[in-house]
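What follows is the content of my_file.pdb (PDB, C-alpha atoms).
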ATOM      1  CA  MET A   3      42.022 -34.399 -12.207  1.00  0.00           C
ATOM      2  CA  ALA A   4      43.077 -34.095  -8.547  1.00  0.00           C
ATOM      3  CA  SER A   5      42.292 -30.993  -6.535  1.00  0.00           C
ATOM      4  CA  GLY A   6      44.664 -28.076  -7.070  1.00  0.00           C
ATOM      5  CA  PHE A   7      44.823 -24.434  -8.005  1.00  0.00           C
ATOM      6  CA  SER A   8      44.563 -22.473 -11.270  1.00  0.00           C
ATOM      7  CA  PHE A   9      45.387 -18.849 -12.043  1.00  0.00           C
ATOM      8  CA  ALA A  10      42.575 -16.779 -13.491  1.00  0.00           C
ATOM      9  CA  GLY A  11      43.591 -13.804 -15.611  1.00  0.00           C
ATOM     10  CA  CYS A  12      47.302 -14.735 -15.709  1.00  0.00           C
ATOM     11  CA  PRO A  13      49.412 -15.196 -18.879  1.00  0.00           C
ATOM     12  CA  MET A  14      50.082 -18.894 -19.349  1.00  0.00           C
ATOM     13  CA  ASN A  15      52.942 -18.660 -21.918  1.00  0.00           C
ATOM     14  CA  PRO A  16      55.735 -21.160 -21.266  1.00  0.00           C
ATOM     15  CA  MET A  17      58.738 -19.764 -19.439  1.00  0.00           C
ATOM     16  CA  PRO A  18      61.975 -21.216 -18.200  1.00  0.00           C
ATOM     17  CA  LEU A  19      61.923 -22.882 -14.819  1.00  0.00           C
ATOM     18  CA  LEU A  20      64.259 -20.288 -13.309  1.00  0.00           C
ATOM     19  CA  ALA A  21      62.100 -17.407 -14.480  1.00  0.00           C
ATOM     20  CA  LEU A  22      59.003 -19.196 -13.158  1.00  0.00           C
ATOM     21  CA  ALA A  23      60.635 -19.584  -9.765  1.00  0.00           C
ATOM     22  CA  LEU A  24      61.577 -15.886  -9.693  1.00  0.00           C
ATOM     23  CA  ALA A  25      58.106 -14.870 -10.770  1.00  0.00           C
ATOM     24  CA  ALA A  26      56.635 -16.817  -7.892  1.00  0.00           C
ATOM     25  CA  THR A  27      58.265 -14.364  -5.478  1.00  0.00           C
ATOM     26  CA  LEU A  28      56.663 -11.316  -7.115  1.00  0.00           C
ATOM     27  CA  PRO A  29      53.080 -10.004  -6.740  1.00  0.00           C
ATOM     28  CA  LEU A  30      50.704 -11.555  -9.286  1.00  0.00           C
ATOM     29  CA  THR A  31      49.154  -8.330 -10.587  1.00  0.00           C
ATOM     30  CA  GLY A  32      45.735  -8.949 -12.093  1.00  0.00           C
ATOM     31  CA  CYS A  33      45.767 -12.609 -11.064  1.00  0.00           C
ATOM     32  CA  LYS A  34      43.381 -14.482  -8.745  1.00  0.00           C
ATOM     33  CA  ILE A  35      44.143 -17.865  -7.208  1.00  0.00           C
ATOM     34  CA  ILE A  36      41.195 -20.223  -7.571  1.00  0.00           C
ATOM     35  CA  LYS A  37      40.949 -23.593  -5.822  1.00  0.00           C
ATOM     36  CA  THR A  38      39.878 -26.201  -8.334  1.00  0.00           C
ATOM     37  CA  ALA A  39      37.223 -28.777  -7.459  1.00  0.00           C
ATOM     38  CA  PRO A  40      38.134 -32.470  -7.090  1.00  0.00           C
ATOM     39  CA  ALA A  41      37.513 -34.669 -10.087  1.00  0.00           C
ATOM     40  CA  GLY A  42      33.925 -35.820 -10.422  1.00  0.00           C
ATOM     41  CA  GLY A  43      32.571 -32.936  -8.349  1.00  0.00           C
ATOM     42  CA  GLU A  44      33.387 -34.616  -5.022  1.00  0.00           C
ATOM     43  CA  THR A  45      32.703 -32.638  -1.877  1.00  0.00           C
ATOM     44  CA  SER A  46      34.371 -32.681   1.517  1.00  0.00           C
ATOM     45  CA  ALA A  47      33.699 -35.575   3.910  1.00  0.00           C
ATOM     46  CA  THR A  48      30.302 -35.681   5.596  1.00  0.00           C
ATOM     47  CA  THR A  49      30.007 -34.954   9.298  1.00  0.00           C
ATOM     48  CA  ASP A  50      30.189 -37.611  12.006  1.00  0.00           C
ATOM     49  CA  GLU A  51      26.502 -37.059  12.677  1.00  0.00           C
ATOM     50  CA  ALA A  52      25.587 -37.654   9.041  1.00  0.00           C
ATOM     51  CA  ARG A  53      27.656 -40.833   8.880  1.00  0.00           C
ATOM     52  CA  MET A  54      26.141 -42.141  12.120  1.00  0.00           C
ATOM     53  CA  ALA A  55      22.632 -41.328  10.892  1.00  0.00           C
ATOM     54  CA  ALA A  56      23.310 -43.305   7.719  1.00  0.00           C
ATOM     55  CA  LEU A  57      24.677 -46.248   9.708  1.00  0.00           C
ATOM     56  CA  VAL A  58      21.648 -46.254  12.006  1.00  0.00           C
ATOM     57  CA  ALA A  59      19.301 -46.092   9.010  1.00  0.00           C
ATOM     58  CA  ASP A  60      21.038 -49.132   7.525  1.00  0.00           C
ATOM     59  CA  SER A  61      21.252 -51.211  10.702  1.00  0.00           C
ATOM     60  CA  TYR A  62      18.782 -50.247  13.437  1.00  0.00           C
ATOM     61  CA  VAL A  63      15.613 -51.810  12.043  1.00  0.00           C
ATOM     62  CA  PRO A  64      17.064 -54.608   9.861  1.00  0.00           C
ATOM     63  CA  LYS A  65      19.775 -55.747  12.284  1.00  0.00           C
ATOM     64  CA  LEU A  66      19.616 -54.369  15.818  1.00  0.00           C
ATOM     65  CA  ILE A  67      15.927 -54.861  16.577  1.00  0.00           C
ATOM     66  CA  PRO A  68      15.979 -58.521  15.410  1.00  0.00           C
ATOM     67  CA  HIS A  69      19.221 -59.116  17.334  1.00  0.00           C
ATOM     68  CA  VAL A  70      17.740 -57.804  20.572  1.00  0.00           C
ATOM     69  CA  ALA A  71      14.568 -59.855  20.060  1.00  0.00           C
ATOM     70  CA  ALA A  72      16.569 -63.046  19.452  1.00  0.00           C
ATOM     71  CA  ALA A  73      19.068 -62.489  22.286  1.00  0.00           C
ATOM     72  CA  ALA A  74      16.655 -61.193  24.924  1.00  0.00           C
ATOM     73  CA  THR A  75      16.260 -63.033  28.222  1.00  0.00           C
ATOM     74  CA  ASP A  76      13.073 -62.652  30.244  1.00  0.00           C
ATOM     75  CA  VAL A  77      13.639 -60.028  32.913  1.00  0.00           C
ATOM     76  CA  VAL A  78      12.644 -62.122  35.941  1.00  0.00           C
ATOM     77  CA  PRO A  79      15.100 -65.024  35.434  1.00  0.00           C
ATOM     78  CA  LEU A  80      17.705 -62.551  34.175  1.00  0.00           C
ATOM     79  CA  ARG A  81      17.527 -60.567  37.409  1.00  0.00           C
ATOM     80  CA  ALA A  82      17.889 -63.790  39.364  1.00  0.00           C
ATOM     81  CA  ALA A  83      20.916 -64.835  37.302  1.00  0.00           C
ATOM     82  CA  ILE A  84      22.590 -61.466  37.833  1.00  0.00           C
ATOM     83  CA  ALA A  85      21.938 -61.629  41.579  1.00  0.00           C
ATOM     84  CA  GLY A  86      23.642 -65.029  41.595  1.00  0.00           C
ATOM     85  CA  GLY A  87      26.792 -63.639  39.968  1.00  0.00           C
ATOM     86  CA  LEU A  88      27.107 -60.847  37.464  1.00  0.00           C
ATOM     87  CA  ASP A  89      30.162 -62.153  35.617  1.00  0.00           C
ATOM     88  CA  ALA A  90      28.701 -65.628  35.244  1.00  0.00           C
ATOM     89  CA  ALA A  91      25.390 -64.209  34.028  1.00  0.00           C
ATOM     90  CA  GLY A  92      27.196 -61.861  31.684  1.00  0.00           C
ATOM     91  CA  ALA A  93      29.379 -64.575  30.195  1.00  0.00           C
ATOM     92  CA  LYS A  94      26.298 -66.703  29.513  1.00  0.00           C
ATOM     93  CA  LEU A  95      23.628 -64.142  28.628  1.00  0.00           C
ATOM     94  CA  GLY A  96      25.329 -60.813  27.930  1.00  0.00           C
ATOM     95  CA  LEU A  97      28.070 -59.060  26.028  1.00  0.00           C
ATOM     96  CA  ARG A  98      30.843 -56.966  27.494  1.00  0.00           C
ATOM     97  CA  GLY A  99      31.700 -53.578  26.056  1.00  0.00           C
ATOM     98  CA  ALA A 100      35.167 -52.509  24.973  1.00  0.00           C
ATOM     99  CA  GLY A 101      37.767 -53.131  27.650  1.00  0.00           C
ATOM    100  CA  GLY A 102      37.910 -55.917  30.206  1.00  0.00           C
ATOM    101  CA  GLY A 103      36.495 -53.721  32.967  1.00  0.00           C
ATOM    102  CA  GLY A 104      33.543 -52.433  30.971  1.00  0.00           C
ATOM    103  CA  PRO A 105      29.925 -53.026  31.900  1.00  0.00           C
ATOM    104  CA  TRP A 106      27.973 -56.120  30.963  1.00  0.00           C
ATOM    105  CA  ASN A 107      25.258 -55.453  28.403  1.00  0.00           C
ATOM    106  CA  PHE A 108      22.108 -57.568  28.333  1.00  0.00           C
ATOM    107  CA  ALA A 109      19.231 -57.869  25.902  1.00  0.00           C
ATOM    108  CA  VAL A 110      16.031 -58.182  27.911  1.00  0.00           C
ATOM    109  CA  LYS A 111      12.306 -58.664  27.470  1.00  0.00           C
ATOM    110  CA  GLY A 112       9.301 -58.791  29.740  1.00  0.00           C
ATOM    111  CA  ALA A 113       6.249 -56.977  30.998  1.00  0.00           C
ATOM    112  CA  GLY A 114       5.406 -55.063  34.132  1.00  0.00           C
ATOM    113  CA  VAL A 115       2.875 -52.835  35.795  1.00  0.00           C
ATOM    114  CA  VAL A 116       3.655 -49.126  35.701  1.00  0.00           C
ATOM    115  CA  VAL A 117       4.172 -48.025  39.320  1.00  0.00           C
ATOM    116  CA  THR A 118       6.108 -44.794  38.657  1.00  0.00           C
ATOM    117  CA  SER A 119       5.820 -42.491  35.710  1.00  0.00           C
ATOM    118  CA  ASP A 120       7.771 -39.416  34.676  1.00  0.00           C
ATOM    119  CA  ARG A 121       6.714 -38.359  31.211  1.00  0.00           C
ATOM    120  CA  ALA A 122       7.250 -34.623  31.623  1.00  0.00           C
ATOM    121  CA  SER A 123      11.029 -34.439  31.848  1.00  0.00           C
ATOM    122  CA  ARG A 124      13.396 -34.701  28.891  1.00  0.00           C
ATOM    123  CA  ALA A 125      14.797 -37.855  30.476  1.00  0.00           C
ATOM    124  CA  ALA A 126      11.324 -39.386  30.834  1.00  0.00           C
ATOM    125  CA  LYS A 127      10.962 -42.950  32.055  1.00  0.00           C
ATOM    126  CA  LEU A 128       8.542 -45.516  33.450  1.00  0.00           C
ATOM    127  CA  GLY A 129       9.149 -47.630  36.542  1.00  0.00           C
ATOM    128  CA  LEU A 130       7.806 -51.154  36.050  1.00  0.00           C
ATOM    129  CA  ASP A 131       7.031 -53.826  38.621  1.00  0.00           C
ATOM    130  CA  THR A 132       7.848 -57.090  36.848  1.00  0.00           C
ATOM    131  CA  ASP A 133       7.539 -59.485  39.801  1.00  0.00           C
ATOM    132  CA  ALA A 134       4.260 -58.342  41.394  1.00  0.00           C
ATOM    133  CA  ASP A 135       5.788 -57.019  44.640  1.00  0.00           C
ATOM    134  CA  GLY A 136       4.483 -53.486  44.081  1.00  0.00           C
ATOM    135  CA  VAL A 137       7.973 -51.996  43.630  1.00  0.00           C
ATOM    136  CA  ALA A 138       9.596 -50.860  40.398  1.00  0.00           C
ATOM    137  CA  ASP A 139      12.456 -53.194  39.548  1.00  0.00           C
ATOM    138  CA  VAL A 140      13.265 -51.813  36.090  1.00  0.00           C
ATOM    139  CA  GLN A 141      13.211 -48.339  34.613  1.00  0.00           C
ATOM    140  CA  VAL A 142      12.338 -47.971  30.933  1.00  0.00           C
ATOM    141  CA  GLN A 143      13.710 -44.848  29.285  1.00  0.00           C
ATOM    142  CA  LEU A 144      11.362 -42.863  27.054  1.00  0.00           C
ATOM    143  CA  GLY A 145      13.528 -39.905  26.094  1.00  0.00           C
ATOM    144  CA  PRO A 146      13.987 -37.710  24.256  1.00  0.00           C
ATOM    145  CA  VAL A 147      17.195 -37.818  26.344  1.00  0.00           C
ATOM    146  CA  ILE A 148      18.186 -41.482  26.634  1.00  0.00           C
ATOM    147  CA  LYS A 149      21.309 -42.386  28.566  1.00  0.00           C
ATOM    148  CA  GLY A 150      23.906 -45.072  28.097  1.00  0.00           C
ATOM    149  CA  THR A 151      25.530 -47.150  25.385  1.00  0.00           C
ATOM    150  CA  ALA A 152      23.685 -50.435  25.908  1.00  0.00           C
ATOM    151  CA  LEU A 153      22.057 -50.554  22.465  1.00  0.00           C
ATOM    152  CA  ARG A 154      25.433 -50.131  20.796  1.00  0.00           C
ATOM    153  CA  ASP A 155      27.338 -52.500  23.061  1.00  0.00           C
ATOM    154  CA  VAL A 156      24.789 -55.310  23.169  1.00  0.00           C
ATOM    155  CA  ALA A 157      25.296 -55.821  19.429  1.00  0.00           C
ATOM    156  CA  PRO A 158      28.411 -57.659  18.189  1.00  0.00           C
ATOM    157  CA  PHE A 159      28.269 -55.970  14.790  1.00  0.00           C
ATOM    158  CA  TYR A 160      29.135 -52.486  16.122  1.00  0.00           C
ATOM    159  CA  VAL A 161      32.900 -52.804  16.606  1.00  0.00           C
ATOM    160  CA  PHE A 162      35.039 -50.022  18.059  1.00  0.00           C
ATOM    161  CA  THR A 163      37.945 -50.590  15.672  1.00  0.00           C
ATOM    162  CA  ASP A 164      35.630 -49.853  12.724  1.00  0.00           C
ATOM    163  CA  PHE A 165      35.399 -46.238  13.911  1.00  0.00           C
ATOM    164  CA  ARG A 166      37.847 -43.365  13.829  1.00  0.00           C
ATOM    165  CA  ASP A 167      38.000 -42.798  17.592  1.00  0.00           C
ATOM    166  CA  GLN A 168      36.055 -42.928  20.847  1.00  0.00           C
ATOM    167  CA  ILE A 169      34.216 -39.704  20.000  1.00  0.00           C
ATOM    168  CA  GLU A 170      32.789 -41.118  16.782  1.00  0.00           C
ATOM    169  CA  PHE A 171      31.875 -44.376  18.570  1.00  0.00           C
ATOM    170  CA  ALA A 172      30.044 -42.377  21.244  1.00  0.00           C
ATOM    171  CA  LYS A 173      28.082 -40.550  18.549  1.00  0.00           C
ATOM    172  CA  LEU A 174      26.883 -43.925  17.265  1.00  0.00           C
ATOM    173  CA  ALA A 175      25.499 -44.773  20.719  1.00  0.00           C
ATOM    174  CA  ARG A 176      23.660 -41.464  20.835  1.00  0.00           C
ATOM    175  CA  ALA A 177      22.242 -41.942  17.334  1.00  0.00           C
ATOM    176  CA  LEU A 178      20.958 -45.411  18.276  1.00  0.00           C
ATOM    177  CA  ASN A 179      19.347 -44.022  21.440  1.00  0.00           C
ATOM    178  CA  ASP A 180      17.720 -41.268  19.406  1.00  0.00           C
ATOM    179  CA  ALA A 181      16.298 -43.869  17.007  1.00  0.00           C
ATOM    180  CA  ALA A 182      14.912 -45.867  19.924  1.00  0.00           C
ATOM    181  CA  GLY A 183      13.291 -42.811  21.469  1.00  0.00           C
ATOM    182  CA  ALA A 184      11.779 -41.679  18.190  1.00  0.00           C
ATOM    183  CA  ALA A 185      10.100 -45.070  17.717  1.00  0.00           C
ATOM    184  CA  ILE A 186       8.280 -45.087  21.080  1.00  0.00           C
ATOM    185  CA  VAL A 187       4.525 -44.701  20.799  1.00  0.00           C
ATOM    186  CA  LEU A 188       2.475 -44.876  23.995  1.00  0.00           C
ATOM    187  CA  PRO A 189      -1.061 -43.754  24.826  1.00  0.00           C
ATOM    188  CA  GLU A 190      -1.440 -40.239  26.158  1.00  0.00           C
ATOM    189  CA  GLY A 191      -2.389 -39.687  29.755  1.00  0.00           C
ATOM    190  CA  ASP A 192      -1.711 -41.520  32.990  1.00  0.00           C
ATOM    191  CA  LEU A 193      -0.209 -44.995  32.588  1.00  0.00           C
ATOM    192  CA  LEU A 194      -0.049 -45.837  36.297  1.00  0.00           C
ATOM    193  CA  GLY A 195      -1.501 -49.300  36.849  1.00  0.00           C
ATOM    194  CA  LYS A 196      -1.230 -50.195  33.176  1.00  0.00           C
ATOM    195  CA  THR A 197       0.837 -53.172  32.001  1.00  0.00           C
ATOM    196  CA  VAL A 198       3.613 -52.453  29.546  1.00  0.00           C
ATOM    197  CA  ALA A 199       5.531 -55.045  27.524  1.00  0.00           C
ATOM    198  CA  PHE A 200       9.072 -54.272  26.439  1.00  0.00           C
ATOM    199  CA  GLU A 201      12.199 -55.460  24.675  1.00  0.00           C
ATOM    200  CA  GLY A 202      15.487 -53.616  24.912  1.00  0.00           C
ATOM    201  CA  ALA A 203      18.935 -53.519  26.462  1.00  0.00           C
ATOM    202  CA  PHE A 204      20.645 -52.321  29.619  1.00  0.00           C
ATOM    203  CA  ALA A 205      24.218 -52.135  30.915  1.00  0.00           C
ATOM    204  CA  ILE A 206      25.442 -52.665  34.483  1.00  0.00           C
ATOM    205  CA  LEU A 207      28.804 -52.698  36.256  1.00  0.00           C
ATOM    206  CA  SER A 208      27.481 -54.203  39.496  1.00  0.00           C
ATOM    207  CA  ALA A 209      24.704 -56.610  40.410  1.00  0.00           C
ATOM    208  CA  LYS A 210      23.352 -53.832  42.642  1.00  0.00           C
ATOM    209  CA  ASP A 211      22.949 -51.360  39.763  1.00  0.00           C
ATOM    210  CA  ALA A 212      19.455 -50.321  38.736  1.00  0.00           C
ATOM    211  CA  LEU A 213      18.260 -51.776  35.444  1.00  0.00           C
ATOM    212  CA  LEU A 214      17.866 -48.790  33.122  1.00  0.00           C
ATOM    213  CA  ILE A 215      16.458 -50.149  29.874  1.00  0.00           C
ATOM    214  CA  VAL A 216      16.685 -48.595  26.439  1.00  0.00           C
ATOM    215  CA  PRO A 217      13.649 -50.065  24.663  1.00  0.00           C
ATOM    216  CA  THR A 218      13.609 -51.353  21.104  1.00  0.00           C
ATOM    217  CA  ALA A 219       9.936 -52.325  21.500  1.00  0.00           C
ATOM    218  CA  LEU A 220       7.408 -50.912  23.958  1.00  0.00           C
ATOM    219  CA  THR A 221       3.687 -51.610  24.055  1.00  0.00           C
ATOM    220  CA  ALA A 222       0.955 -50.681  26.523  1.00  0.00           C
ATOM    221  CA  LEU A 223      -1.256 -53.755  26.886  1.00  0.00           C
ATOM    222  CA  PRO A 224      -5.060 -53.524  27.092  1.00  0.00           C
TER     223      PRO A 224
END
Can you dump the structure from the file as C-alpha cells?
Amino acid sequence: MASGFSFAGCPMNPMPLLALALAATLPLTGCKIIKTAPAGGETSATTDEARMAALVADSYVPKLIPHVAAAATDVVPLRAAIAGGLDAAGAKLGLRGAGGGGPWNFAVKGAGVVVTSDRASRAAKLGLDTDADGVADVQVQLGPVIKGTALRDVAPFYVFTDFRDQIEFAKLARALNDAAGAAIVLPEGDLLGKTVAFEGAFAILSAKDALLIVPTALTALP
C-alpha cells in the first residue's frame, strides 16, 4: 500500500460523497490524523553522506586504488612532460575534470626524501625531494583535512551526470579524500631525511602549479 493517511477513532460508515465533502470542512472531534508508513516498511532516503560512504566502500579499494596504480606515471618524467606542455602531457597521461577549462588530473608514483614535514596541523603534509636537488618538488597530503578533487577526477568511473548535482559530486570527492587520509600509516616521530614511496593523484591548472598529491599508497622506506 502506498503512503497515505488514516483516521484513528473516527466512524468509518459509508456516507454519500456530498456529505463526505461537507464533513471534511468541519472539525473532526475525537479524531487523530495518522500518517501511514510506506509499504514494506520503507524509510526516507538516506543522506548524501551515507550514500557517498557506501559508494566509497564499494569502489575505493577494489577500483580506485588499482586504477591509480595502473595509470600512474613516475613523478620525474611526469614533471618533465608537464614542463614541456601541460595540455599535451594531460592529453597523453592525464584526465580532465568536468568542463573544458577544468584542471588536468594525473595519477603519479615515485619516491623522495622528506625535506619538509608538517604533521601537527590538520592539513598535514610532507615535502619530498624526488630529483635529489635538496628542494621539495611535491607535497604529499596526510590529512585529516585533504584538499582537492584529484582522486575523484582522475578516475573515469566517477561521472558527474550520475549524481544529483554539483553538491553531491563534491561530497564524493571529500569522502574519497577522507578514505585516503584514514588509510595512511607512517612511523611516529621525525621523518626528515627519510625516503618515502608514494602513489596517488594531483590536479593542476598550470604547469607552474605546485604538485599537491593525495596519496592512495604511502610507505616510509627503511
Report as a ChimeraX atom specification all protein, DNA and RNA residues lying within 9 Å of stretch 209-224 of chain A, evaluated on all atoms listed in the file, omitting residues in the same chain fewer than 3 positions from it. /A:66-67,70-71,81,84-88,110,139-144,148-150,152-153,179,181-183,185-189,193,196-206
One decimal, Å: what's the distance from atom CA of A:Arg53 over to atom CA of A:Phe162, could you say? 14.9 Å
Under the PyMOL selection byres ((chain A and resi 74) around 10), which residues of this model are included? Write them out as a VMD selection string. chain A and resid 68 to 73 75 to 77 80 95 to 96 108 to 112 201 to 203
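The spacing separating atom CA of A:Leu194 from atom CA of A:Ser123 amounts to 16.5 Å.
Comparing the minimum interatomic distances between A:Lys127 and each of A:Leu97, A:Ala56, A:Val147, A:Ala82, counting only C-alpha atoms, we find that A:Val147 sits nearest.
Straight-line separation from atom CA of A:Arg124 to atom CA of A:Ala184: 12.9 Å.
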Can you give me, as JSON, numbers by chain, the residues this file yields under the PyMOL selection byres ((chain A and resi 166-177) around 6)? {"A": [54, 151, 154, 165, 178, 179, 180]}
Evaluate the PyMOL selection byres ((chain A and resi 114) around 6) and report residues as a PyMOL selection string: chain A and resi 113+115+130-132+197-198
Please return as a list of chain:residue names every residue within 9 Å of (3.6, -36.1, 30.2), taking into account only C-alpha atoms and the file's own coordinates.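 Every residue inside that radius is included here: A:Ser119, A:Asp120, A:Arg121, A:Ala122, A:Ser123, A:Ala126, A:Glu190, A:Gly191, A:Asp192.
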Residues within 6 Å of (6.3, -47.9, 40.1), file coords, only C-alpha atoms, listed as a list in words: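 Selection result: Val116, Val117, Thr118, Gly129, Leu130, Val137 and Ala138 of chain A.
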Can you tell me which residues surround A:Gly104 at a distance of at most 8 Å, considering only C-alpha atoms, apart from same-chain residues fewer than 5 positions away, and format the answer as a short mmCIF file (atom, residue, chain, number, x, y, z; two decimals) with C-alpha atoms, in the frame of the given file?
data_model
loop_
_atom_site.label_atom_id
_atom_site.label_comp_id
_atom_site.auth_asym_id
_atom_site.auth_seq_id
_atom_site.Cartn_x
_atom_site.Cartn_y
_atom_site.Cartn_z
CA ARG A 98 30.84 -56.97 27.49
CA GLY A 99 31.70 -53.58 26.06
CA LEU A 207 28.80 -52.70 36.26
#
